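Trainee: Got a file for you: model17.cif, mmCIF, C-alpha atoms and all ligand atoms.
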```cif
data_upload
loop_
_atom_site.label_atom_id
_atom_site.label_comp_id
_atom_site.auth_asym_id
_atom_site.auth_seq_id
_atom_site.Cartn_x
_atom_site.Cartn_y
_atom_site.Cartn_z
CA MET A 1 30.59 16.18 -18.65
CA LEU A 2 31.31 13.56 -16.06
CA LEU A 3 27.88 14.18 -14.61
CA THR A 4 25.98 13.34 -17.83
CA GLU A 5 28.13 10.28 -18.43
CA HIS A 6 27.54 9.06 -14.94
CA LEU A 7 23.74 9.35 -15.08
CA THR A 8 22.60 8.05 -18.46
CA PRO A 9 18.99 9.10 -19.26
CA LEU A 10 18.16 5.70 -20.75
CA THR A 11 18.99 3.86 -17.55
CA PHE A 12 16.88 6.31 -15.61
CA GLU A 13 13.87 5.85 -17.94
CA ASP A 14 14.23 2.09 -17.66
CA ARG A 15 14.19 2.35 -13.91
CA VAL A 16 11.00 4.42 -13.94
CA THR A 17 9.28 1.88 -16.19
CA LYS A 18 10.43 -0.92 -13.90
CA ILE A 19 8.95 0.69 -10.78
CA LEU A 20 5.87 2.24 -12.41
CA PRO A 21 4.91 0.22 -15.51
CA GLY A 22 3.02 2.22 -18.13
CA TRP A 23 4.32 5.58 -16.91
CA SER A 24 7.04 7.76 -18.44
CA ILE A 25 8.99 10.63 -16.91
CA LYS A 26 10.21 14.04 -18.01
CA ASN A 27 11.98 17.04 -16.47
CA CYS A 28 13.60 15.22 -13.55
CA GLU A 29 16.56 17.18 -12.21
CA MET A 30 19.71 15.08 -12.22
CA ASN A 31 22.27 15.82 -9.55
CA SER A 32 25.49 13.98 -8.82
CA HIS A 33 25.15 14.65 -5.11
CA TRP A 34 21.49 13.62 -4.71
CA ALA A 35 20.77 10.44 -6.65
CA ARG A 36 17.41 10.35 -8.44
CA GLY A 37 15.76 7.24 -9.75
CA LEU A 38 15.43 3.92 -7.99
CA GLN A 39 15.97 4.12 -4.26
CA GLU A 40 16.27 0.70 -2.67
CA ASN A 41 14.77 1.61 0.67
CA TYR A 42 12.85 4.65 1.91
CA CYS A 43 10.54 4.89 4.93
CA ARG A 44 10.10 1.12 5.25
CA ARG A 45 9.31 0.59 1.57
CA LYS A 46 11.49 -1.20 -1.00
CA ASN A 47 12.24 0.01 -4.54
CA VAL A 48 10.75 3.48 -4.63
CA LEU A 49 11.20 6.18 -7.28
CA ARG A 50 12.84 9.42 -6.19
CA THR A 51 12.24 12.45 -8.42
CA HIS A 52 13.00 16.19 -8.25
CA PRO A 53 11.63 19.16 -10.23
CA LEU A 54 13.93 20.47 -12.95
CA SER A 55 13.62 23.99 -11.56
CA GLN A 56 11.35 26.11 -9.37
CA GLU A 57 9.23 26.78 -12.47
CA VAL A 58 9.40 23.40 -14.24
CA PRO A 59 7.98 20.41 -12.33
CA CYS A 60 9.09 16.82 -12.87
CA THR A 61 6.20 15.00 -14.58
CA LEU A 62 5.11 11.36 -14.64
CA GLU A 63 2.64 10.75 -17.43
CA ARG A 64 0.65 8.09 -19.23
CA ARG A 65 -2.22 7.80 -21.67
CA MET A 66 -5.17 5.50 -21.17
CA ASP A 67 -8.80 4.91 -22.09
CA ILE A 68 -11.15 5.54 -19.17
CA PRO A 69 -13.82 2.81 -19.05
CA ALA A 70 -17.47 3.72 -19.49
CA ASN A 71 -20.27 3.01 -17.00
CA ARG A 72 -18.10 2.65 -13.90
CA SER A 73 -15.94 4.62 -11.48
CA THR A 74 -12.19 4.88 -12.04
CA PHE A 75 -9.69 6.08 -9.45
CA LEU A 76 -5.95 6.71 -9.55
CA HIS A 77 -4.12 6.07 -6.28
CA ALA A 78 -0.64 7.56 -5.80
CA ILE A 79 1.43 6.43 -2.82
CA VAL A 80 3.96 9.18 -2.16
CA SER A 81 6.30 10.64 0.45
CA ASN A 82 8.42 13.70 1.12
CA HIS A 83 12.01 14.37 2.16
CA PRO A 84 12.09 14.50 6.00
CA ASN A 85 10.61 17.82 7.19
CA ARG A 86 10.41 19.17 3.61
CA ASP A 87 7.46 19.51 1.25
CA TRP A 88 6.43 19.50 -2.42
CA VAL A 89 3.22 19.83 -4.37
CA LEU A 90 1.57 16.88 -6.09
CA VAL A 91 -0.47 18.14 -9.04
CA CYS A 92 -2.77 15.89 -11.07
CA ARG A 93 -3.64 17.09 -14.59
CA VAL A 94 -6.01 15.36 -16.98
CA ASN A 95 -5.73 16.41 -20.64
CA GLY A 96 -3.69 19.39 -19.47
CA THR A 97 -6.18 20.75 -16.92
CA VAL A 98 -5.40 20.68 -13.19
CA GLN A 99 -7.76 18.29 -11.37
CA LYS A 100 -6.35 18.31 -7.87
CA THR A 101 -3.37 19.70 -5.90
CA VAL A 102 -2.04 18.21 -2.66
CA THR A 103 0.91 19.50 -0.59
CA VAL A 104 2.93 16.46 0.47
CA ASN A 105 4.42 17.45 3.81
CA GLU A 106 5.32 15.96 7.18
CA GLU A 107 1.88 16.68 8.59
CA LEU A 108 0.37 14.51 5.87
CA THR A 109 2.92 11.70 5.68
CA LYS A 110 3.93 11.55 9.37
CA ALA A 111 7.42 10.35 8.38
CA GLY A 112 5.79 7.66 6.24
CA TRP A 113 3.65 7.42 3.11
CA VAL A 114 0.28 8.76 2.03
CA SER A 115 -2.14 7.37 -0.49
CA VAL A 116 -3.66 10.21 -2.55
CA THR A 117 -6.70 9.37 -4.68
CA PHE A 118 -7.71 11.14 -7.89
CA ASP A 119 -11.17 10.58 -9.35
CA LEU A 120 -11.02 9.88 -13.10
CA THR A 121 -14.73 9.04 -13.35
CA PRO A 122 -15.62 12.42 -14.97
CA PHE A 123 -13.60 11.22 -18.01
CA ALA A 124 -15.47 7.90 -18.36
CA SER A 125 -15.63 6.57 -21.94
CA GLU A 126 -12.96 9.04 -23.17
CA LYS A 127 -10.12 7.54 -25.22
CA ASN A 128 -6.37 8.18 -24.99
CA VAL A 129 -6.72 10.47 -21.96
CA LEU A 130 -3.44 12.14 -20.88
CA ILE A 131 -2.81 11.81 -17.14
CA GLU A 132 0.05 13.82 -15.64
CA LEU A 133 1.30 13.77 -12.07
CA GLU A 134 3.67 16.58 -11.22
CA ASN A 135 6.37 16.74 -8.54
CA LYS A 136 6.21 20.54 -8.25
CA ALA A 137 8.40 22.83 -6.13
CA ASN A 138 6.78 25.23 -3.67
CA ASP A 139 10.12 26.78 -2.63
CA TRP A 140 13.57 25.32 -3.30
CA ASN A 141 14.54 23.12 -0.39
CA HIS A 142 14.63 19.34 -1.01
CA GLU A 143 11.63 19.24 -3.33
CA ASP A 144 12.15 15.49 -3.76
CA GLY A 145 9.11 13.42 -4.62
CA TYR A 146 9.12 9.78 -3.49
CA TRP A 147 6.76 7.41 -5.35
CA ALA A 148 6.03 3.90 -4.04
CA ASN A 149 3.12 2.97 -6.28
CA LEU A 150 0.64 4.27 -8.85
CA THR A 151 -2.46 2.13 -9.36
CA ILE A 152 -5.69 2.57 -11.27
CA SER A 153 -8.63 0.77 -9.73
CA PRO A 154 -12.26 0.35 -10.71
CA SER A 155 -13.40 1.39 -7.23
CA GLN A 156 -12.26 3.72 -4.50
CA SER A 157 -10.64 1.05 -2.34
CA SER A 158 -8.68 3.45 -0.15
CA PRO A 159 -9.52 6.79 1.46
CA ARG A 160 -8.81 9.98 -0.50
CA VAL A 161 -5.73 10.78 1.56
CA ALA A 162 -4.67 8.02 3.93
CA SER A 163 -1.38 7.90 5.79
CA MET A 164 0.41 4.65 5.01
CA TYR A 165 1.40 4.66 8.64
CA SER A 166 -2.30 4.26 9.22
CA VAL A 167 -2.99 0.54 9.06
CA GLU A 168 -6.15 1.28 7.04
CA GLY A 169 -4.04 2.60 4.16
CA ALA A 170 -1.76 -0.44 4.26
CA VAL A 171 -4.72 -2.87 4.33
CA ALA A 172 -6.39 -1.06 1.41
CA GLU A 173 -3.27 -1.48 -0.65
CA LEU A 174 -2.22 -5.00 0.40
CA PHE A 175 -5.58 -6.70 0.86
CA PRO A 176 -8.24 -4.85 -1.18
CA GLY A 177 -11.74 -5.41 0.16
CA TRP A 178 -10.57 -6.21 3.71
CA THR A 179 -11.10 -3.85 6.64
CA ILE A 180 -9.22 -3.51 9.92
CA LYS A 181 -10.21 -2.48 13.43
CA ASN A 182 -8.69 -2.32 16.91
CA CYS A 183 -5.04 -2.24 15.87
CA GLU A 184 -2.89 -0.79 18.64
CA MET A 185 -0.83 2.14 17.39
CA ASN A 186 2.47 2.79 19.09
CA PRO A 187 5.04 5.43 18.05
CA GLN A 188 7.83 3.09 19.13
CA TRP A 189 6.52 0.13 17.12
CA PRO A 190 4.88 1.45 13.96
CA ARG A 191 2.09 -0.79 12.61
CA GLY A 192 0.89 -1.00 9.04
CA MET A 193 3.11 -1.52 6.02
CA ARG A 194 6.48 -3.13 6.70
CA ALA A 195 9.05 -3.11 3.86
CA ASP A 196 10.26 -6.60 4.62
CA TYR A 197 10.04 -9.25 7.30
CA ARG A 198 11.51 -12.73 7.34
CA GLY A 199 12.21 -12.71 3.61
CA LYS A 200 8.87 -11.32 2.39
CA LYS A 201 8.38 -7.79 1.03
CA ASN A 202 5.58 -5.33 1.88
CA VAL A 203 3.73 -7.19 4.62
CA LEU A 204 1.12 -5.96 7.10
CA GLU A 205 2.11 -5.61 10.76
CA THR A 206 -0.69 -5.50 13.36
CA HIS A 207 -1.02 -5.66 17.14
CA PRO A 208 -4.05 -6.26 19.40
CA LEU A 209 -5.53 -3.15 21.02
CA SER A 210 -5.30 -4.77 24.46
CA GLN A 211 -5.05 -8.17 26.12
CA GLU A 212 -8.83 -8.42 25.87
CA VAL A 213 -9.51 -6.74 22.51
CA PRO A 214 -7.95 -8.42 19.46
CA CYS A 215 -7.06 -6.61 16.23
CA THR A 216 -9.53 -7.81 13.58
CA LEU A 217 -9.31 -8.05 9.80
CA GLY A 218 -12.75 -8.39 8.23
CA TYR A 219 -14.20 -9.37 4.86
CA ARG A 220 -17.67 -10.02 3.47
CA THR A 221 -18.36 -12.41 0.63
CA ASP A 222 -20.89 -14.81 -0.86
CA ILE A 223 -19.82 -18.48 -0.60
CA PRO A 224 -20.74 -20.29 -3.83
CA THR A 225 -22.57 -23.62 -3.88
CA GLY A 226 -21.11 -26.74 -5.50
CA LYS A 227 -17.53 -25.65 -4.90
CA LYS A 228 -14.89 -26.04 -2.23
CA THR A 229 -14.09 -22.62 -0.75
CA THR A 230 -10.86 -22.10 1.19
CA LEU A 231 -9.47 -19.10 3.05
CA ARG A 232 -5.68 -19.21 3.00
CA VAL A 233 -3.53 -16.95 5.19
CA VAL A 234 0.25 -16.59 5.36
CA VAL A 235 1.31 -15.21 8.75
CA SER A 236 4.26 -14.84 11.09
CA ASN A 237 5.14 -13.94 14.66
CA TYR A 238 7.64 -11.68 16.41
CA PRO A 239 10.82 -13.73 17.06
CA ASN A 240 10.27 -16.12 19.98
CA CYS A 241 6.86 -14.62 20.76
CA ASP A 242 3.38 -15.86 19.95
CA TRP A 243 -0.22 -14.80 19.26
CA GLU A 244 -3.52 -16.50 18.56
CA LEU A 245 -5.04 -16.49 15.08
CA VAL A 246 -8.79 -16.75 15.51
CA CYS A 247 -11.02 -17.27 12.47
CA ARG A 248 -14.69 -16.31 12.95
CA VAL A 249 -17.50 -16.79 10.47
CA ASN A 250 -20.63 -14.69 11.07
CA GLY A 251 -19.34 -14.00 14.57
CA VAL A 252 -18.88 -17.64 15.61
CA ILE A 253 -15.38 -19.02 16.22
CA HIS A 254 -14.47 -21.35 13.36
CA ARG A 255 -10.91 -22.23 14.34
CA VAL A 256 -8.03 -21.03 16.57
CA VAL A 257 -4.32 -21.49 15.76
CA THR A 258 -1.38 -20.41 17.92
CA ILE A 259 1.23 -18.70 15.76
CA ASP A 260 4.52 -19.36 17.48
CA GLU A 261 8.16 -20.08 16.64
CA LYS A 262 7.49 -23.82 16.56
CA LEU A 263 4.97 -23.30 13.77
CA THR A 264 6.75 -20.59 11.75
CA LYS A 265 10.31 -21.86 12.34
CA GLY A 266 11.74 -18.35 11.96
CA GLY A 267 9.70 -17.82 8.80
CA TRP A 268 6.07 -17.97 7.76
CA ALA A 269 3.18 -20.37 8.35
CA THR A 270 0.27 -21.03 5.99
CA GLY A 271 -3.14 -21.52 7.59
CA THR A 272 -6.14 -22.79 5.65
CA PHE A 273 -9.73 -22.44 6.78
CA ASP A 274 -12.43 -24.47 5.03
CA LEU A 275 -15.43 -22.26 4.26
CA THR A 276 -17.29 -24.97 2.31
CA PRO A 277 -19.75 -25.56 5.22
CA PHE A 278 -21.11 -22.05 4.50
CA ALA A 279 -21.74 -22.72 0.77
CA GLY A 280 -24.85 -20.98 -0.56
CA ARG A 281 -24.80 -18.25 2.10
CA LYS A 282 -24.74 -14.62 1.02
CA ASN A 283 -22.73 -11.75 2.52
CA VAL A 284 -20.86 -14.04 4.93
CA ARG A 285 -18.79 -12.12 7.50
CA ILE A 286 -15.26 -13.48 7.83
CA GLU A 287 -13.05 -12.19 10.64
CA LEU A 288 -9.41 -12.97 11.35
CA GLU A 289 -8.24 -11.93 14.79
CA ASN A 290 -4.72 -11.13 15.94
CA LYS A 291 -5.44 -12.05 19.57
CA ALA A 292 -3.07 -11.73 22.52
CA ASN A 293 -2.04 -14.68 24.65
CA GLY A 294 -0.04 -12.97 27.38
CA TRP A 295 1.23 -9.44 26.69
CA HIS A 296 4.67 -9.66 25.13
CA HIS A 297 5.08 -8.67 21.46
CA GLU A 298 1.67 -9.96 20.37
CA THR A 299 2.56 -8.62 16.92
CA ALA A 300 1.13 -10.36 13.85
CA PHE A 301 2.61 -10.22 10.37
CA TRP A 302 0.33 -10.89 7.38
CA ALA A 303 1.84 -11.64 3.96
CA SER A 304 -1.19 -13.02 2.13
CA LEU A 305 -4.98 -13.37 2.52
CA THR A 306 -6.81 -15.23 -0.24
CA ILE A 307 -10.22 -16.85 -0.67
CA GLN A 308 -10.54 -19.42 -3.45
CA SER A 309 -13.49 -21.42 -4.70
CA ARG A 310 -12.82 -24.35 -7.01
CA CA B 401 9.25 22.67 -0.57
CA CA B 402 1.95 -14.07 23.28
#
```
As C-alpha cells - that is how I would like this structure written.
Mentor:
Amino acid sequence: MLLTEHLTPLTFEDRVTKILPGWSIKNCEMNSHWARGLQENYCRRKNVLRTHPLSQEVPCTLERRMDIPANRSTFLHAIVSNHPNRDWVLVCRVNGTVQKTVTVNEELTKAGWVSVTFDLTPFASEKNVLIELENKANDWNHEDGYWANLTISPSQSSPRVASMYSVEGAVAELFPGWTIKNCEMNPQWPRGMRADYRGKKNVLETHPLSQEVPCTLGYRTDIPTGKKTTLRVVVSNYPNCDWELVCRVNGVIHRVVTIDEKLTKGGWATGTFDLTPFAGRKNVRIELENKANGWHHETAFWASLTIQSR
C-alpha cells in the first residue's frame, strides 16, 4: 500500500507530458527501489524520462496520435539510452503494426545516447495515425529505457542511428542544418552534447583535430537582398584557456575572434557576423572554425547559432 501511495500515477503522467509533450504512457513498471519517471541527470543529459516494461511480456508504451502531412517526408527521431551494460528493445508500431525494432545496448549507445529515426512517410496524408514506441524486455535484467527527446521533423536531419557521443548526432539535434568536421574525439574528454556548462543546458562541445586543423561547423544558405543578415553565435571557452573563432564565407576569412576568459568572463560571449555584404548570393557557404592557438584545452562550447534577416 505504501508503494502505491508513494508513487501516484497522476504525478508520473504529468512528468511524462512535461518531458515529452504530446505523448502519453502506459504499462510502466513502478518500483520503490528503482525510481521511474523524471531523472534529473543521466549520461550528461538533463531531465530525461526513465521507463521500465511492466513485465517480460508487457512492454512499457509511449504513444500519441497525429496526422501525417501529405506531399512531404516525415521522420520521428527518438533519443534513447540503456542502463549501463544492459539492453532493451525499442519497437516502433504505427497503427498497431511493427515498423522497426532496434536493440538499445552498450555497443549502440557507447555509454551515451543514440538517435533512432523512424520513417513515417509511408503514412503521408493519413489522419489520426497511432504511433507507439515500446520499451520492451529481451530478458529481465535492468530493462530500463531512458528517453531524452522525441521529435517529429519534416526532413531526415539526423542519421538513422547516430550515437549522441558522436558530435554529428549532437549537431543534428542542436543546430539542424549545420554539419561538423574535424572534431577531435578523445575518450578522456568526450565531445558532442554536454548536459550543462556555465549555466546553459545542452550545449555542443568541440575540439580542433590538431594544432593545424580546426574543427569546422558548416552551413549553406541563400542571403536575401534588401535585408540585413546577421549570423549570431553564443560561445564559451574552457576555464582560463582560449581558442580562435574564425568565420569564413565561401572559403575566405571574414573575421577572427579570440574566445578567452577576458571575453567570456567565466560565462558566454555573443559574436555577431554581418553577412549583408553577401546579399543576393545563392548557396553561400558559411564556416565557423574552432581553431587552436597553442595546444592547451582548445575546447569550444557552442550554445546557439542563428542566422537572421530583417
Ligand atoms: Ca535486457
Ligand atoms: Ca589556446
Trainee: Give the residue list for ligand CA 401 (chain B) at 7 Å, counting only C-alpha atoms and all ligand atoms, as a ChimeraX atom specification, sorted by chain and then by residue number.
Mentor: /A:86-88,137-143
Trainee: Which residue gives the smallest distance to Val167 of chain A among A:Glu212, A:Asp242, A:Leu217, A:Glu134, with only C-alpha atoms counted?
Mentor: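 Ranked by minimum distance to Val167 of chain A, first place goes to A:Leu217.
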Trainee: At a cut-off of 12 Å around ligand CA 402 (chain B), and using all atoms listed in the file, what residues come up? Please write them as a list in words.
Mentor: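 These are the residues that qualify: His207, Pro208, Ser210, Gln211, Asn237, Tyr238, Pro239, Asn240, Cys241, Asp242, Trp243, Glu244, Leu245, Thr258, Ile259, Asp260, Glu261, Asn290, Lys291, Ala292, Asn293, Gly294, Trp295, His296, His297, Glu298, Thr299 and Ala300 of chain A.
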Trainee: Selection from above, C-alpha atoms, as a tab-separated table (two decimals), in the coordinates of the input, can you write it?
Mentor:
```tsv
chain	number	residue	atom	x	y	z
A	207	HIS	CA	-1.02	-5.66	17.14
A	208	PRO	CA	-4.05	-6.26	19.40
A	210	SER	CA	-5.30	-4.77	24.46
A	211	GLN	CA	-5.05	-8.17	26.12
A	237	ASN	CA	5.14	-13.94	14.66
A	238	TYR	CA	7.64	-11.68	16.41
A	239	PRO	CA	10.82	-13.73	17.06
A	240	ASN	CA	10.27	-16.12	19.98
A	241	CYS	CA	6.86	-14.62	20.76
A	242	ASP	CA	3.38	-15.86	19.95
A	243	TRP	CA	-0.22	-14.80	19.26
A	244	GLU	CA	-3.52	-16.50	18.56
A	245	LEU	CA	-5.04	-16.49	15.08
A	258	THR	CA	-1.38	-20.41	17.92
A	259	ILE	CA	1.23	-18.70	15.76
A	260	ASP	CA	4.52	-19.36	17.48
A	261	GLU	CA	8.16	-20.08	16.64
A	290	ASN	CA	-4.72	-11.13	15.94
A	291	LYS	CA	-5.44	-12.05	19.57
A	292	ALA	CA	-3.07	-11.73	22.52
A	293	ASN	CA	-2.04	-14.68	24.65
A	294	GLY	CA	-0.04	-12.97	27.38
A	295	TRP	CA	1.23	-9.44	26.69
A	296	HIS	CA	4.67	-9.66	25.13
A	297	HIS	CA	5.08	-8.67	21.46
A	298	GLU	CA	1.67	-9.96	20.37
A	299	THR	CA	2.56	-8.62	16.92
A	300	ALA	CA	1.13	-10.36	13.85
```
Trainee: Closest to Thr17 of chain A among A:Thr109, A:Ser32, A:Asn149, A:Thr264, using all atoms listed in the file?
Mentor: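 Closest to Thr17 of chain A of all the choices is A:Asn149.
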Trainee: Do you have the atom CA of Trp178 of chain A-atom CA of Thr221 of chain A distance handy?
Mentor: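 Between atom CA of Trp178 of chain A and atom CA of Thr221 of chain A the gap is 10.4 Å.
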Trainee: Determine, counting only C-alpha atoms, every residue of protein, DNA or RNA that lies within 9 Å of (-10.7, 17.9, -12.8) in the file coordinates, then give the result as a PyMOL selection string.
Mentor: chain A and resi 92-94+97-100+118-120+122-123
Trainee: Here is a test: counting all atoms listed in the file, which residue of A:Val213, A:Ile223, A:Ile152, A:Leu133 is nearest to Phe278 of chain A?
Mentor: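 Answer, going by the shortest atom-to-atom distance: A:Ile223.
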Trainee: List the spatial neighbours of Arg220 of chain A as a list in words - criterion: any atom at most 12 Å away, only C-alpha atoms, same-chain residues fewer than 5 positions off excluded.
Mentor: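 My list of contacting residues is Pro176, Gly177, Trp178, Thr179, Arg248, Val249, Asn250, Gly251, Arg281, Lys282, Asn283, Val284, Arg285, Ile286, Glu287, Leu288 and Ile307 of chain A.
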Trainee: What is the distance between atom CA of Ala111 of chain A and atom CA of Asn85 of chain A, in Å to one decimal?
Mentor: 8.2 Å
Trainee: Excluding same-chain residues fewer than 3 positions from segment 226-234 of chain A, what lies within 8 Å of it counting only C-alpha atoms, as an NGL selection string?
Mentor: :A and (223 or 268-276 or 279 or 302-310)
Trainee: Suppose you want the space between atom CA of Asp144 of chain A and atom CA of Arg194 of chain A; what is it in Å?
Mentor: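 So the answer is 22.1 Å.
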